[in-house]
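Asks: PDB, C-alpha atoms, saved as upload_24.pdb, coming up:
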```
ATOM      1  CA  MET D   1     -44.458   4.824  66.649  1.00  0.00           C
ATOM      2  CA  LYS D   2     -42.340   7.847  65.796  1.00  0.00           C
ATOM      3  CA  LYS D   3     -39.599   5.650  64.224  1.00  0.00           C
ATOM      4  CA  ARG D   4     -42.168   3.837  62.104  1.00  0.00           C
ATOM      5  CA  LEU D   5     -43.567   7.107  60.767  1.00  0.00           C
ATOM      6  CA  VAL D   6     -40.062   8.419  59.918  1.00  0.00           C
ATOM      7  CA  GLY D   7     -39.162   5.106  58.181  1.00  0.00           C
ATOM      8  CA  ALA D   8     -42.416   5.099  56.196  1.00  0.00           C
ATOM      9  CA  THR D   9     -41.833   8.736  55.149  1.00  0.00           C
ATOM     10  CA  VAL D  10     -38.302   7.943  53.972  1.00  0.00           C
ATOM     11  CA  LEU D  11     -39.514   4.923  51.971  1.00  0.00           C
ATOM     12  CA  VAL D  12     -42.359   6.889  50.344  1.00  0.00           C
ATOM     13  CA  SER D  13     -40.018   9.743  49.408  1.00  0.00           C
ATOM     14  CA  LEU D  14     -37.503   7.278  47.855  1.00  0.00           C
ATOM     15  CA  VAL D  15     -40.292   5.673  45.816  1.00  0.00           C
ATOM     16  CA  VAL D  16     -41.527   9.107  44.684  1.00  0.00           C
ATOM     17  CA  ILE D  17     -38.012  10.128  43.587  1.00  0.00           C
ATOM     18  CA  PHE D  18     -36.659   6.944  41.959  1.00  0.00           C
ATOM     19  CA  VAL D  19     -39.685   5.236  40.338  1.00  0.00           C
ATOM     20  CA  PRO D  20     -40.241   8.049  37.790  1.00  0.00           C
ATOM     21  CA  MET D  21     -36.533   7.868  36.881  1.00  0.00           C
ATOM     22  CA  LEU D  22     -36.817   4.150  36.144  1.00  0.00           C
ATOM     23  CA  LEU D  23     -39.992   4.524  34.059  1.00  0.00           C
ATOM     24  CA  GLU D  24     -38.805   7.508  31.951  1.00  0.00           C
ATOM     25  CA  ASP D  25     -37.488   7.052  28.398  1.00  0.00           C
ATOM     26  CA  GLU D  26     -33.994   8.292  27.662  1.00  0.00           C
ATOM     27  CA  PRO D  27     -34.022  11.843  26.354  1.00  0.00           C
ATOM     28  CA  VAL D  28     -33.093  12.394  22.695  1.00  0.00           C
ATOM     29  CA  ILE D  29     -30.168  14.757  22.437  1.00  0.00           C
ATOM     30  CA  GLU D  30     -30.289  17.018  19.378  1.00  0.00           C
ATOM     31  CA  THR D  31     -26.784  17.203  17.897  1.00  0.00           C
ATOM     32  CA  GLY D  32     -27.486  19.836  15.282  1.00  0.00           C
ATOM     33  CA  ILE D  33     -25.445  17.937  12.636  1.00  0.00           C
ATOM     34  CA  TYR D  34     -27.355  17.606   9.385  1.00  0.00           C
ATOM     35  CA  LYS D  35     -24.695  16.447   6.910  1.00  0.00           C
ATOM     36  CA  THR D  36     -21.132  15.173   6.995  1.00  0.00           C
ATOM     37  CA  ASN D  37     -17.905  16.658   5.718  1.00  0.00           C
ATOM     38  CA  ILE D  38     -16.569  13.223   4.735  1.00  0.00           C
ATOM     39  CA  PRO D  39     -16.347  12.966   0.944  1.00  0.00           C
ATOM     40  CA  PRO D  40     -18.222  10.154  -0.819  1.00  0.00           C
ATOM     41  CA  LYS D  41     -16.503   6.823  -1.401  1.00  0.00           C
ATOM     42  CA  PRO D  42     -14.545   6.761  -4.680  1.00  0.00           C
ATOM     43  CA  GLU D  43     -16.119   4.833  -7.521  1.00  0.00           C
ATOM     44  CA  ARG D  44     -12.974   2.721  -8.069  1.00  0.00           C
ATOM     45  CA  ASP D  45     -10.097   1.466  -5.937  1.00  0.00           C
ATOM     46  CA  PHE D  46      -7.460   4.022  -4.960  1.00  0.00           C
ATOM     47  CA  SER D  47      -3.967   3.349  -6.185  1.00  0.00           C
ATOM     48  CA  SER D  48      -0.809   4.860  -4.719  1.00  0.00           C
ATOM     49  CA  ARG D  49       1.425   3.783  -7.588  1.00  0.00           C
ATOM     50  CA  VAL D  50       4.108   6.182  -8.708  1.00  0.00           C
ATOM     51  CA  VAL D  51       3.601   5.051 -12.305  1.00  0.00           C
ATOM     52  CA  PRO D  52      -0.063   4.922 -13.403  1.00  0.00           C
ATOM     53  CA  ALA D  53      -1.513   1.702 -14.734  1.00  0.00           C
ATOM     54  CA  GLU D  54      -2.384   1.352 -18.402  1.00  0.00           C
ATOM     55  CA  ASP D  55      -6.077   2.009 -17.735  1.00  0.00           C
ATOM     56  CA  GLU D  56      -5.428   5.141 -15.644  1.00  0.00           C
ATOM     57  CA  LYS D  57      -5.265   8.514 -17.337  1.00  0.00           C
ATOM     58  CA  LEU D  58      -2.763  11.138 -16.319  1.00  0.00           C
ATOM     59  CA  SER D  59      -4.253  14.456 -15.343  1.00  0.00           C
ATOM     60  CA  VAL D  60      -2.214  17.384 -16.594  1.00  0.00           C
ATOM     61  CA  PRO D  61      -2.360  20.500 -14.399  1.00  0.00           C
ATOM     62  CA  PRO D  62      -3.066  23.845 -16.057  1.00  0.00           C
ATOM     63  CA  ALA D  63      -0.070  25.803 -17.312  1.00  0.00           C
ATOM     64  CA  SER D  64      -0.358  28.270 -14.424  1.00  0.00           C
ATOM     65  CA  HIS D  65       0.262  25.468 -11.869  1.00  0.00           C
ATOM     66  CA  ARG D  66       3.095  23.677 -13.658  1.00  0.00           C
ATOM     67  CA  GLN D  67       6.601  23.853 -12.319  1.00  0.00           C
ATOM     68  CA  GLU D  68       9.609  23.938 -14.563  1.00  0.00           C
ATOM     69  CA  ILE D  69      11.377  20.600 -14.665  1.00  0.00           C
ATOM     70  CA  VAL D  70      15.125  20.703 -15.027  1.00  0.00           C
ATOM     71  CA  PRO D  71      16.388  17.464 -16.614  1.00  0.00           C
ATOM     72  CA  LEU D  72      19.312  15.673 -15.017  1.00  0.00           C
ATOM     73  CA  LYS D  73      22.380  14.859 -17.055  1.00  0.00           C
ATOM     74  CA  PRO D  74      22.243  11.243 -18.209  1.00  0.00           C
ATOM     75  CA  PRO D  75      25.090   9.045 -16.995  1.00  0.00           C
ATOM     76  CA  PRO D  76      27.852   8.465 -19.526  1.00  0.00           C
ATOM     77  CA  ALA D  77      27.200   5.500 -21.797  1.00  0.00           C
ATOM     78  CA  PRO D  78      29.526   2.549 -21.222  1.00  0.00           C
ATOM     79  CA  ALA D  79      32.037   1.908 -23.960  1.00  0.00           C
ATOM     80  CA  VAL D  80      30.920  -0.953 -26.193  1.00  0.00           C
ATOM     81  CA  THR D  81      33.538  -2.984 -27.985  1.00  0.00           C
ATOM     82  CA  ALA D  82      32.430  -4.605 -31.212  1.00  0.00           C
ATOM     83  CA  LYS D  83      33.308  -8.275 -31.626  1.00  0.00           C
ATOM     84  CA  THR D  84      34.717  -9.338 -34.925  1.00  0.00           C
ATOM     85  CA  GLU D  85      34.204 -12.742 -36.458  1.00  0.00           C
ATOM     86  CA  SER D  86      37.884 -13.538 -35.983  1.00  0.00           C
ATOM     87  CA  SER D  87      37.641 -13.122 -32.190  1.00  0.00           C
ATOM     88  CA  PRO D  88      37.877 -16.409 -30.322  1.00  0.00           C
ATOM     89  CA  GLN D  89      34.590 -17.927 -29.130  1.00  0.00           C
ATOM     90  CA  PRO D  90      34.329 -19.457 -25.656  1.00  0.00           C
ATOM     91  CA  ALA D  91      34.661 -23.232 -25.695  1.00  0.00           C
ATOM     92  CA  ASP D  92      31.243 -23.840 -24.101  1.00  0.00           C
ATOM     93  CA  SER D  93      28.825 -20.964 -24.558  1.00  0.00           C
ATOM     94  CA  GLY D  94      26.329 -22.633 -22.180  1.00  0.00           C
ATOM     95  CA  MET D  95      28.780 -22.318 -19.303  1.00  0.00           C
ATOM     96  CA  ALA D  96      29.556 -18.641 -19.904  1.00  0.00           C
ATOM     97  CA  GLU D  97      28.274 -16.492 -17.066  1.00  0.00           C
ATOM     98  CA  SER D  98      26.973 -12.980 -17.546  1.00  0.00           C
ATOM     99  CA  LYS D  99      28.513 -10.678 -14.965  1.00  0.00           C
ATOM    100  CA  PRO D 100      26.254  -7.861 -13.761  1.00  0.00           C
ATOM    101  CA  THR D 101      27.416  -4.339 -14.440  1.00  0.00           C
ATOM    102  CA  PRO D 102      27.987  -2.254 -11.311  1.00  0.00           C
ATOM    103  CA  VAL D 103      25.043  -0.023 -10.479  1.00  0.00           C
ATOM    104  CA  GLU D 104      25.830   3.639 -10.045  1.00  0.00           C
ATOM    105  CA  PRO D 105      23.918   5.494  -7.315  1.00  0.00           C
ATOM    106  CA  ARG D 106      20.861   7.317  -8.602  1.00  0.00           C
ATOM    107  CA  VAL D 107      20.452  11.029  -8.390  1.00  0.00           C
ATOM    108  CA  GLY D 108      17.023  12.316  -7.362  1.00  0.00           C
ATOM    109  CA  LEU D 109      14.048  10.830  -5.583  1.00  0.00           C
ATOM    110  CA  THR D 110      14.255   7.184  -4.544  1.00  0.00           C
ATOM    111  CA  ALA D 111      11.358   5.109  -3.302  1.00  0.00           C
ATOM    112  CA  TRP D 112      11.118   1.647  -1.742  1.00  0.00           C
ATOM    113  CA  VAL D 113       8.872  -1.290  -2.599  1.00  0.00           C
ATOM    114  CA  ILE D 114       8.426  -4.754  -1.207  1.00  0.00           C
ATOM    115  CA  GLN D 115       8.975  -7.469  -3.788  1.00  0.00           C
ATOM    116  CA  VAL D 116       6.802 -10.443  -2.929  1.00  0.00           C
ATOM    117  CA  GLY D 117       7.586 -12.756  -5.820  1.00  0.00           C
ATOM    118  CA  SER D 118       8.565 -13.271  -9.472  1.00  0.00           C
ATOM    119  CA  PHE D 119       6.493 -15.471 -11.759  1.00  0.00           C
ATOM    120  CA  SER D 120       6.919 -16.770 -15.284  1.00  0.00           C
ATOM    121  CA  SER D 121       3.120 -16.933 -15.568  1.00  0.00           C
ATOM    122  CA  ARG D 122       1.238 -13.638 -15.843  1.00  0.00           C
ATOM    123  CA  GLU D 123      -1.951 -15.269 -14.477  1.00  0.00           C
ATOM    124  CA  ASN D 124      -0.202 -16.386 -11.278  1.00  0.00           C
ATOM    125  CA  ALA D 125       1.219 -12.901 -10.740  1.00  0.00           C
ATOM    126  CA  GLU D 126      -2.176 -11.257 -11.316  1.00  0.00           C
ATOM    127  CA  LYS D 127      -3.796 -13.699  -8.903  1.00  0.00           C
ATOM    128  CA  LEU D 128      -1.268 -12.833  -6.172  1.00  0.00           C
ATOM    129  CA  VAL D 129      -1.717  -9.095  -6.831  1.00  0.00           C
ATOM    130  CA  GLN D 130      -5.474  -9.528  -6.311  1.00  0.00           C
ATOM    131  CA  GLN D 131      -4.949 -11.499  -3.072  1.00  0.00           C
ATOM    132  CA  ILE D 132      -2.603  -8.833  -1.689  1.00  0.00           C
ATOM    133  CA  ARG D 133      -5.027  -6.051  -2.655  1.00  0.00           C
ATOM    134  CA  GLU D 134      -7.751  -7.893  -0.726  1.00  0.00           C
ATOM    135  CA  MET D 135      -5.401  -7.632   2.297  1.00  0.00           C
ATOM    136  CA  LYS D 136      -5.601  -3.807   1.802  1.00  0.00           C
ATOM    137  CA  TYR D 137      -2.079  -3.312   0.415  1.00  0.00           C
ATOM    138  CA  ALA D 138      -1.222  -1.357  -2.742  1.00  0.00           C
ATOM    139  CA  ALA D 139       0.077  -4.198  -4.908  1.00  0.00           C
ATOM    140  CA  PHE D 140       1.116  -4.052  -8.546  1.00  0.00           C
ATOM    141  CA  MET D 141       2.906  -6.135 -11.143  1.00  0.00           C
ATOM    142  CA  GLU D 142       5.935  -5.280 -13.290  1.00  0.00           C
ATOM    143  CA  GLN D 143       7.200  -7.143 -16.328  1.00  0.00           C
ATOM    144  CA  ALA D 144      10.950  -7.749 -16.557  1.00  0.00           C
ATOM    145  CA  GLU D 145      13.325  -9.483 -18.966  1.00  0.00           C
ATOM    146  CA  VAL D 146      15.931 -11.677 -17.240  1.00  0.00           C
ATOM    147  CA  ASP D 147      18.297 -13.826 -19.319  1.00  0.00           C
ATOM    148  CA  GLY D 148      15.890 -13.684 -22.262  1.00  0.00           C
ATOM    149  CA  LYS D 149      12.916 -14.847 -20.150  1.00  0.00           C
ATOM    150  CA  THR D 150       9.897 -12.714 -19.300  1.00  0.00           C
ATOM    151  CA  LEU D 151       9.169 -12.522 -15.574  1.00  0.00           C
ATOM    152  CA  PHE D 152       6.257 -10.864 -13.801  1.00  0.00           C
ATOM    153  CA  ARG D 153       7.279  -9.353 -10.467  1.00  0.00           C
ATOM    154  CA  VAL D 154       4.685  -8.693  -7.777  1.00  0.00           C
ATOM    155  CA  LYS D 155       5.471  -5.665  -5.651  1.00  0.00           C
ATOM    156  CA  VAL D 156       3.787  -3.688  -2.852  1.00  0.00           C
ATOM    157  CA  GLY D 157       4.233   0.042  -2.405  1.00  0.00           C
ATOM    158  CA  PRO D 158       5.978   2.303  -3.239  1.00  0.00           C
ATOM    159  CA  GLU D 159       6.978   4.079  -0.042  1.00  0.00           C
ATOM    160  CA  VAL D 160       9.304   7.090   0.002  1.00  0.00           C
ATOM    161  CA  ASP D 161      10.608   6.515   3.552  1.00  0.00           C
ATOM    162  CA  ARG D 162      12.689   3.352   4.083  1.00  0.00           C
ATOM    163  CA  LYS D 163      11.606   3.075   7.745  1.00  0.00           C
ATOM    164  CA  LEU D 164       7.939   3.044   6.724  1.00  0.00           C
ATOM    165  CA  ALA D 165       8.718   0.433   4.070  1.00  0.00           C
ATOM    166  CA  ASP D 166      10.380  -1.747   6.728  1.00  0.00           C
ATOM    167  CA  LYS D 167       7.309  -1.405   8.984  1.00  0.00           C
ATOM    168  CA  MET D 168       5.058  -2.324   6.078  1.00  0.00           C
ATOM    169  CA  LEU D 169       7.307  -5.346   5.374  1.00  0.00           C
ATOM    170  CA  LEU D 170       6.783  -6.689   8.904  1.00  0.00           C
ATOM    171  CA  SER D 171       3.010  -6.328   8.621  1.00  0.00           C
ATOM    172  CA  LEU D 172       2.922  -7.775   5.108  1.00  0.00           C
ATOM    173  CA  ASN D 173       5.072 -10.778   6.027  1.00  0.00           C
ATOM    174  CA  LYS D 174       2.628 -11.616   8.844  1.00  0.00           C
ATOM    175  CA  ASP D 175      -0.263 -11.519   6.364  1.00  0.00           C
ATOM    176  CA  LEU D 176       1.679 -13.478   3.714  1.00  0.00           C
ATOM    177  CA  LYS D 177       2.562 -16.271   6.130  1.00  0.00           C
ATOM    178  CA  SER D 178      -0.651 -18.095   5.147  1.00  0.00           C
ATOM    179  CA  LEU D 179       0.537 -18.061   1.487  1.00  0.00           C
ATOM    180  CA  ASN D 180       4.049 -19.283   2.389  1.00  0.00           C
ATOM    181  CA  LEU D 181       5.570 -16.113   0.933  1.00  0.00           C
ATOM    182  CA  LYS D 182       8.023 -13.605   2.321  1.00  0.00           C
ATOM    183  CA  GLY D 183       8.732 -10.171   0.869  1.00  0.00           C
ATOM    184  CA  LYS D 184      11.895  -8.084   0.783  1.00  0.00           C
ATOM    185  CA  VAL D 185      12.437  -4.324   0.571  1.00  0.00           C
ATOM    186  CA  ILE D 186      14.146  -3.127  -2.618  1.00  0.00           C
ATOM    187  CA  SER D 187      14.720   0.303  -4.143  1.00  0.00           C
ATOM    188  CA  TYR D 188      12.241   1.597  -6.698  1.00  0.00           C
ATOM    189  CA  PRO D 189      12.257   2.219  -9.612  1.00  0.00           C
TER     190      PRO D 189
END
```
Just give me the structure as structure tokens.
Replies:
Amino acid sequence: MKKRLVGATVLVSLVVIFVPMLLEDEPVIETGIYKTNIPPKPERDFSSRVVPAEDEKLSVPPASHRQEIVPLKPPPAPAVTAKTESSPQPADSGMAESKPTPVEPRVGLTAWVIQVGSFSSRENAEKLVQQIREMKYAAFMEQAEVDGKTLFRVKVGPEVDRKLADKMLLSLNKDLKSLNLKGKVISYP
């Protein structure tokens, strides 16, 4: 009889302790935060281009915040020899190859971009730029003249650190695999 009374007391005390815990609502914790310090979302897409697009305006800092810019000396101009009409013409001008001039190392800040492709059609280049931007990369297009033809180059970046550009290349190439494209890191500008 004594064991039954002790068992019943233990069971009643467990019910008294745990049943109210199961039936209670979770307490609301007051955090005391009434507004956020996160700025509002920008009204247009952010661009990390070094050179602003045509529709972007440059903001000029006040004169008190400007730093003096010391221009670099331009490289010496290559000597140009004028051809006279009496100079011999090559036998087949279509077979003449244009040899690239050696590039001298640049002085100053150098950045890196990933060139994804070159297109003769502006629409195709703009379409690819839009697709890459939807993948959350900073893509842009540059126009270039090559052998008298206008090309539109699609690039991603720029990035100041070459190691970061290489990391971005690996990530971008994974995302571009579905488009059968592969980028390469080149110096910019």
Asks: Using the chain letters and residue numbers of this document, give as an mmCIF file with C-alpha atoms, in the coordinates of the input the residues selected by the PyMOL selection byres ((chain D and resi 113-115) around 12).
Replies:
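As a result, selection_19.cif now contains:
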```cif
data_model
loop_
_atom_site.group_PDB
_atom_site.id
_atom_site.type_symbol
_atom_site.label_atom_id
_atom_site.label_comp_id
_atom_site.auth_asym_id
_atom_site.auth_seq_id
_atom_site.Cartn_x
_atom_site.Cartn_y
_atom_site.Cartn_z
ATOM 1 C CA SER D 48 -0.809 4.860 -4.719
ATOM 2 C CA ARG D 49 1.425 3.783 -7.588
ATOM 3 C CA VAL D 50 4.108 6.182 -8.708
ATOM 4 C CA THR D 110 14.255 7.184 -4.544
ATOM 5 C CA ALA D 111 11.358 5.109 -3.302
ATOM 6 C CA TRP D 112 11.118 1.647 -1.742
ATOM 7 C CA VAL D 116 6.802 -10.443 -2.929
ATOM 8 C CA GLY D 117 7.586 -12.756 -5.820
ATOM 9 C CA SER D 118 8.565 -13.271 -9.472
ATOM 10 C CA PHE D 119 6.493 -15.471 -11.759
ATOM 11 C CA ALA D 125 1.219 -12.901 -10.740
ATOM 12 C CA LEU D 128 -1.268 -12.833 -6.172
ATOM 13 C CA VAL D 129 -1.717 -9.095 -6.831
ATOM 14 C CA ILE D 132 -2.603 -8.833 -1.689
ATOM 15 C CA TYR D 137 -2.079 -3.312 0.415
ATOM 16 C CA ALA D 138 -1.222 -1.357 -2.742
ATOM 17 C CA ALA D 139 0.077 -4.198 -4.908
ATOM 18 C CA PHE D 140 1.116 -4.052 -8.546
ATOM 19 C CA MET D 141 2.906 -6.135 -11.143
ATOM 20 C CA GLU D 142 5.935 -5.280 -13.290
ATOM 21 C CA PHE D 152 6.257 -10.864 -13.801
ATOM 22 C CA ARG D 153 7.279 -9.353 -10.467
ATOM 23 C CA VAL D 154 4.685 -8.693 -7.777
ATOM 24 C CA LYS D 155 5.471 -5.665 -5.651
ATOM 25 C CA VAL D 156 3.787 -3.688 -2.852
ATOM 26 C CA GLY D 157 4.233 0.042 -2.405
ATOM 27 C CA PRO D 158 5.978 2.303 -3.239
ATOM 28 C CA GLU D 159 6.978 4.079 -0.042
ATOM 29 C CA VAL D 160 9.304 7.090 0.002
ATOM 30 C CA ASP D 161 10.608 6.515 3.552
ATOM 31 C CA ARG D 162 12.689 3.352 4.083
ATOM 32 C CA LYS D 163 11.606 3.075 7.745
ATOM 33 C CA LEU D 164 7.939 3.044 6.724
ATOM 34 C CA ALA D 165 8.718 0.433 4.070
ATOM 35 C CA ASP D 166 10.380 -1.747 6.728
ATOM 36 C CA LYS D 167 7.309 -1.405 8.984
ATOM 37 C CA MET D 168 5.058 -2.324 6.078
ATOM 38 C CA LEU D 169 7.307 -5.346 5.374
ATOM 39 C CA LEU D 170 6.783 -6.689 8.904
ATOM 40 C CA SER D 171 3.010 -6.328 8.621
ATOM 41 C CA LEU D 172 2.922 -7.775 5.108
ATOM 42 C CA ASN D 173 5.072 -10.778 6.027
ATOM 43 C CA LEU D 181 5.570 -16.113 0.933
ATOM 44 C CA LYS D 182 8.023 -13.605 2.321
ATOM 45 C CA GLY D 183 8.732 -10.171 0.869
ATOM 46 C CA LYS D 184 11.895 -8.084 0.783
ATOM 47 C CA VAL D 185 12.437 -4.324 0.571
ATOM 48 C CA ILE D 186 14.146 -3.127 -2.618
ATOM 49 C CA SER D 187 14.720 0.303 -4.143
ATOM 50 C CA TYR D 188 12.241 1.597 -6.698
ATOM 51 C CA PRO D 189 12.257 2.219 -9.612
#
```
Asks: One decimal, Å: what's the distance from CA of Asp147 (chain D) over to CA of Asn180 (chain D), could you say?
Replies: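 Atom-to-atom, CA of Asp147 (chain D) and CA of Asn180 (chain D) are spaced 26.5 Å apart.
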Asks: As lines of an AutoDock Vina configuration file, please: the centre and edge lengths in Å, to one decimal, of an axis-aligned box enclosing every listed atom of region 166-184 of chain D with 3 Å added on each side.
Replies:
```
center_x = 5.6
center_y = -10.3
center_z = 4.9
size_x = 18.5
size_y = 23.9
size_z = 14.2
```
Asks: Please report the interatomic distance between CA of Val146 (chain D) and CA of Arg122 (chain D) in Å with one decimal.
Replies: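 That distance, rounded to one decimal, is 14.9 Å.
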Asks: Distance CA of Met1 (chain D)-CA of Val19 (chain D), one decimal place?
Replies: 26.7 Å
